[in-house]
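Peer 1: Please find target-v2.txt (compact mmCIF, C-alpha atoms) on the next line:
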```txt
# COMPACT_ATOMS: atom_id res chain seq x y z
CA LEU A 9 -44.15 -18.79 6.02
CA LYS A 10 -46.31 -21.91 6.16
CA ALA A 11 -45.31 -22.95 2.63
CA TRP A 12 -41.66 -22.32 3.47
CA SER A 13 -41.94 -24.35 6.69
CA LYS A 14 -43.81 -27.18 4.98
CA ALA A 15 -41.23 -27.38 2.18
CA LEU A 16 -38.34 -27.52 4.62
CA ASN A 17 -40.00 -30.18 6.77
CA ILE A 18 -40.92 -32.33 3.76
CA LEU A 19 -37.34 -32.11 2.63
CA LEU A 20 -35.92 -33.04 6.03
CA GLN A 21 -38.34 -35.96 6.44
CA ASP A 22 -37.51 -37.34 2.99
CA ASN A 23 -33.78 -36.71 2.88
CA ALA A 24 -32.24 -36.73 6.34
CA ALA A 25 -30.86 -39.92 7.86
CA ALA A 26 -32.57 -39.10 11.15
CA LYS A 27 -36.16 -37.94 11.26
CA TYR A 28 -36.23 -34.19 11.80
CA GLU A 29 -39.09 -31.81 12.09
CA ILE A 30 -38.38 -28.14 12.47
CA ASP A 31 -40.92 -26.64 14.81
CA LEU A 32 -42.74 -23.64 13.33
CA SER A 33 -41.63 -21.57 16.34
CA ILE A 34 -37.97 -22.18 15.39
CA ILE A 35 -38.67 -21.05 11.84
CA GLN A 36 -40.51 -18.00 13.17
CA ARG A 37 -37.57 -17.13 15.40
CA HIS A 38 -35.09 -17.48 12.53
CA PHE A 39 -37.38 -16.39 9.67
CA GLY A 40 -35.45 -14.16 7.33
CA LYS A 41 -32.28 -16.24 7.45
CA SER A 42 -31.31 -18.08 4.32
CA THR A 43 -32.55 -21.63 3.88
CA ARG A 44 -28.97 -22.82 4.17
CA ASP A 45 -28.46 -21.05 7.50
CA LEU A 46 -31.70 -22.46 8.86
CA ALA A 47 -30.80 -25.96 7.64
CA MET A 48 -27.42 -25.64 9.37
CA LEU A 49 -29.25 -25.16 12.68
CA VAL A 50 -30.67 -28.68 12.26
CA LEU A 51 -28.20 -30.56 10.07
CA LYS A 52 -24.91 -29.07 11.35
CA ASN A 53 -23.23 -29.91 8.02
CA GLU A 54 -22.49 -27.41 5.22
CA ASP A 55 -22.78 -29.93 2.35
CA LYS A 56 -26.10 -31.27 3.64
CA ALA A 57 -27.36 -27.74 4.25
CA LYS A 58 -26.47 -26.71 0.69
CA ARG A 59 -28.30 -29.74 -0.72
CA CYS A 60 -31.21 -28.98 1.60
CA GLU A 61 -31.36 -25.45 0.19
CA GLU A 62 -31.49 -26.72 -3.40
CA LEU A 63 -34.17 -29.30 -2.68
CA LYS A 64 -36.25 -26.94 -0.53
CA GLU A 65 -36.45 -24.53 -3.45
CA LYS A 66 -37.82 -27.28 -5.69
CA ILE A 67 -40.41 -28.31 -3.11
CA PHE A 68 -41.34 -24.68 -2.35
CA THR A 69 -41.90 -24.02 -6.05
CA ASP A 70 -44.71 -26.58 -6.04
CA LEU A 71 -46.17 -25.54 -2.69
CA TRP A 72 -46.26 -21.74 -2.62
CA PRO A 73 -49.07 -21.19 -5.16
CA HIS A 74 -51.40 -23.31 -3.00
CA GLU A 75 -50.13 -22.38 0.47
CA SER A 76 -49.52 -18.63 0.11
CA LYS A 77 -52.08 -15.87 0.31
CA LEU A 78 -52.10 -12.09 0.37
CA MET A 79 -52.37 -10.28 3.65
CA PRO A 80 -55.73 -8.58 4.19
CA CYS A 81 -55.90 -5.19 2.45
CA ALA A 82 -52.46 -5.60 0.81
CA LYS A 83 -53.70 -4.85 -2.70
CA GLU A 84 -55.86 -1.94 -1.52
CA ILE A 85 -52.89 -0.38 0.26
CA LEU A 86 -50.72 -0.73 -2.84
CA VAL A 87 -53.43 0.82 -5.02
CA ALA A 88 -53.72 3.77 -2.61
CA LEU A 89 -49.95 4.28 -2.61
CA LYS A 90 -49.80 4.20 -6.41
CA ARG A 91 -52.65 6.76 -6.64
CA ARG A 92 -50.61 9.08 -4.42
CA GLY A 93 -47.55 8.67 -6.61
CA VAL A 94 -45.51 6.77 -4.04
CA LYS A 95 -42.71 4.73 -5.61
CA THR A 96 -42.79 1.09 -4.57
CA ALA A 97 -40.38 -1.81 -4.90
CA VAL A 98 -39.96 -5.37 -3.79
CA ALA A 99 -36.57 -6.14 -2.25
CA SER A 100 -36.68 -9.83 -1.35
CA SER A 101 -34.33 -12.71 -0.65
CA ASN A 102 -36.14 -14.71 -3.30
CA SER A 103 -34.80 -14.85 -6.83
CA PRO A 104 -36.03 -12.11 -9.19
CA GLU A 105 -37.79 -14.81 -11.23
CA ARG A 106 -39.63 -16.19 -8.19
CA ILE A 107 -40.67 -12.68 -7.10
CA THR A 108 -42.03 -11.87 -10.55
CA GLU A 109 -43.90 -15.19 -10.64
CA MET A 110 -45.45 -14.50 -7.24
CA LEU A 111 -46.43 -10.95 -8.13
CA LYS A 112 -48.06 -12.18 -11.34
CA HIS A 113 -49.88 -14.92 -9.42
CA PHE A 114 -51.44 -12.30 -7.13
CA ASN A 115 -51.95 -9.74 -9.95
CA LEU A 116 -49.57 -7.27 -8.29
CA LEU A 117 -46.74 -6.92 -10.77
CA ASP A 118 -47.95 -3.54 -12.04
CA MET A 119 -48.03 -2.21 -8.46
CA PHE A 120 -44.22 -2.05 -8.24
CA ASP A 121 -41.72 0.24 -9.90
CA ALA A 122 -38.79 -2.12 -9.22
CA VAL A 123 -38.25 -5.74 -8.28
CA ILE A 124 -34.96 -6.68 -6.65
CA GLY A 125 -34.16 -10.26 -5.76
CA LEU A 126 -31.16 -12.00 -4.38
CA ASP A 127 -28.43 -12.88 -6.82
CA GLU A 128 -24.76 -13.76 -6.53
CA SER A 129 -23.70 -10.12 -6.16
CA ILE A 130 -25.99 -9.30 -3.26
CA ARG A 131 -25.35 -10.27 0.35
CA HIS A 132 -28.20 -11.76 2.40
CA LYS A 133 -30.16 -9.76 4.93
CA PRO A 134 -29.41 -8.18 7.35
CA TYR A 135 -26.85 -6.59 5.01
CA PRO A 136 -28.46 -3.57 3.32
CA ASP A 137 -27.53 -4.52 -0.27
CA LEU A 138 -31.04 -5.48 -1.46
CA LEU A 139 -32.65 -2.34 -0.13
CA LEU A 140 -29.88 -0.02 -1.29
CA ARG A 141 -30.09 -1.44 -4.82
CA ALA A 142 -33.88 -0.89 -4.89
CA LEU A 143 -33.55 2.67 -3.57
CA ASN A 144 -30.87 3.42 -6.13
CA LEU A 145 -33.14 2.22 -8.95
CA LEU A 146 -35.95 4.42 -7.64
CA SER A 147 -33.63 7.42 -7.04
CA ILE A 148 -34.74 7.58 -3.41
CA LYS A 149 -32.54 8.47 -0.44
CA PRO A 150 -32.60 5.87 2.35
CA SER A 151 -33.74 8.53 4.82
CA GLU A 152 -36.88 9.01 2.68
CA ALA A 153 -37.76 5.30 2.49
CA VAL A 154 -39.83 2.90 4.53
CA TYR A 155 -39.17 -0.82 4.24
CA ILE A 156 -42.02 -3.14 5.21
CA GLY A 157 -40.87 -6.62 6.13
CA ASP A 158 -41.85 -9.75 7.98
CA SER A 159 -38.70 -10.63 9.90
CA PRO A 160 -36.27 -9.02 12.31
CA TYR A 161 -33.67 -9.29 9.54
CA ASP A 162 -35.78 -6.92 7.44
CA VAL A 163 -35.71 -4.37 10.26
CA LEU A 164 -31.93 -4.74 10.62
CA MET A 165 -31.46 -4.37 6.86
CA ALA A 166 -33.48 -1.15 6.81
CA LYS A 167 -31.59 0.22 9.80
CA LYS A 168 -28.21 -0.58 8.21
CA ALA A 169 -29.37 1.11 4.99
CA GLY A 170 -30.50 4.22 6.88
CA ALA A 171 -34.19 3.70 6.10
CA TYR A 172 -37.26 3.45 8.30
CA SER A 173 -38.87 0.06 8.78
CA ILE A 174 -42.21 -1.50 9.62
CA LEU A 175 -42.33 -5.09 10.86
CA VAL A 176 -45.49 -6.98 9.93
CA LYS A 177 -46.31 -10.18 11.76
CA VAL A 178 -47.32 -12.76 9.16
CA TYR A 179 -47.49 -15.87 11.31
CA GLU A 180 -49.66 -16.95 14.19
```
Would you put the structure from the file into structure tokens?

Peer 2:
Amino acid sequence: LKAWSKALNILLQDNAAAKYEIDLSIIQRHFGKSTRDLAMLVLKNEDKAKRCEELKEKIFTDLWPHESKLMPCAKEILVALKRRGVKTAVASSNSPERITEMLKHFNLLDMFDAVIGLDESIRHKPYPDLLLRALNLLSIKPSEAVYIGDSPYDVLMAKKAGAYSILVKVYE
């Protein structure tokens, strides 16, 4: 979240006519929305928001390896799940390439049976598309799945898919 926030604020400071700074509390409240939707809250212009989205991705690419860290016990929990034979997947609004890069960075790629990222054919959260695609790949019924996420949109996605959800607070 901090890397995402920092990238968006750098972008707005460098590229907006007026000086903007999106307060972290606003990002927390809207975390889970697409970058474009969040940029629209500030810029109120679709073309500027689209450009903001493109530039934020470039900035975020440089920032996340230095600004992101694993949650305490995340790897231990994944190891315990794998030992018990639990199927695991990542269903994220990031691109599949970004997800794979992040999982490799944290040495977690082998912890997941499937990695699903946002592409042109998948609607953004809170639509259930990401989760349903992951469950389909794993041959798991939604009613047998638990989705762990960090935004209210994750909870809504799980609910719309018919799965259980756990919301984890990742910001202060």

Peer 1: For a test of reading the model, state the distance in Å between CA of Gly93 (chain A) and CA of Asn115 (chain A), rounded to one decimal.

Peer 2: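 Value for the CA of Gly93 (chain A)-CA of Asn115 (chain A) distance: 19.2 Å.
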
Peer 1: Quick one: distance from CA of Lys177 (chain A) to CA of Ser101 (chain A) in Å, one decimal?

Peer 2: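 Atom-to-atom, CA of Lys177 (chain A) to CA of Ser101 (chain A), that is 17.4 Å.
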
Peer 1: To one decimal place, how far is CA of Met110 (chain A) from CA of Lys149 (chain A) in Å?

Peer 2: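 These atoms are spaced 27.2 Å apart.
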
Peer 1: List every protein, DNA or RNA residue that has an atom no more than 12 Å from (-45.8, -22.5, -7.0) in the file's coordinate frame, counting all atoms listed in the file, and report them as a list in words.

Peer 2: Ala11, Trp12, Ala15, Glu65, Lys66, Ile67, Phe68, Thr69, Asp70, Leu71, Trp72, Pro73, His74, Glu75, Ser76, Lys77, Glu105, Arg106, Ile107, Thr108, Glu109, Met110, Leu111, Lys112, His113 and Phe114 of chain A

Peer 1: For Tyr135 (chain A), find every residue with an atom within 12 Å (counting only C-alpha atoms), except residues of its own chain fewer than 2 positions away, and show them as a PyMOL selection string.

Peer 2: chain A and resi 40-41+101+126+130-133+137-141+161-170

Peer 1: Counting all atoms listed in the file, which of A:Ile85, A:Ala97, A:Val50, A:Leu117 gets nearest to Asn144 (chain A)?

Peer 2: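 Counting all atoms listed in the file, the residue closest to Asn144 (chain A) is A:Ala97.
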
Peer 1: Which neighbours of Gly125 (chain A) fall inside 6 Å, counting all atoms listed in the file, when residues of the same chain fewer than 4 positions from it are skipped, and could you give them as a list in words?

Peer 2: Ala99, Ser100, Ser101, Asn102, Ser103 and Pro104 of chain A

Peer 1: Report, as lines of an AutoDock Vina configuration file, the centre and edge lengths in Å (one decimal) of the axis-aligned box enclosing every listed atom of region 157-163 of chain A, padded by 4 Å on each side.

Peer 2:
```
center_x = -37.8
center_y = -7.5
center_z = 9.2
size_x = 16.2
size_y = 14.3
size_z = 14.2
```

Peer 1: Do you know which residues are at most 6 Å from region 151-155 of chain A counting all atoms listed in the file, after dropping those on the same chain fewer than 4 positions away, and could you put them as an MDAnalysis selection string?

Peer 2: chainID A and resid 170:173

Peer 1: If I put a ball of radius 8 Å at (-42.8, 0.2, -8.3) in the file's coordinates, which residues poke into it when counting only C-alpha atoms, written as number ranges by chain?

Peer 2: A: 95-98, 118-123
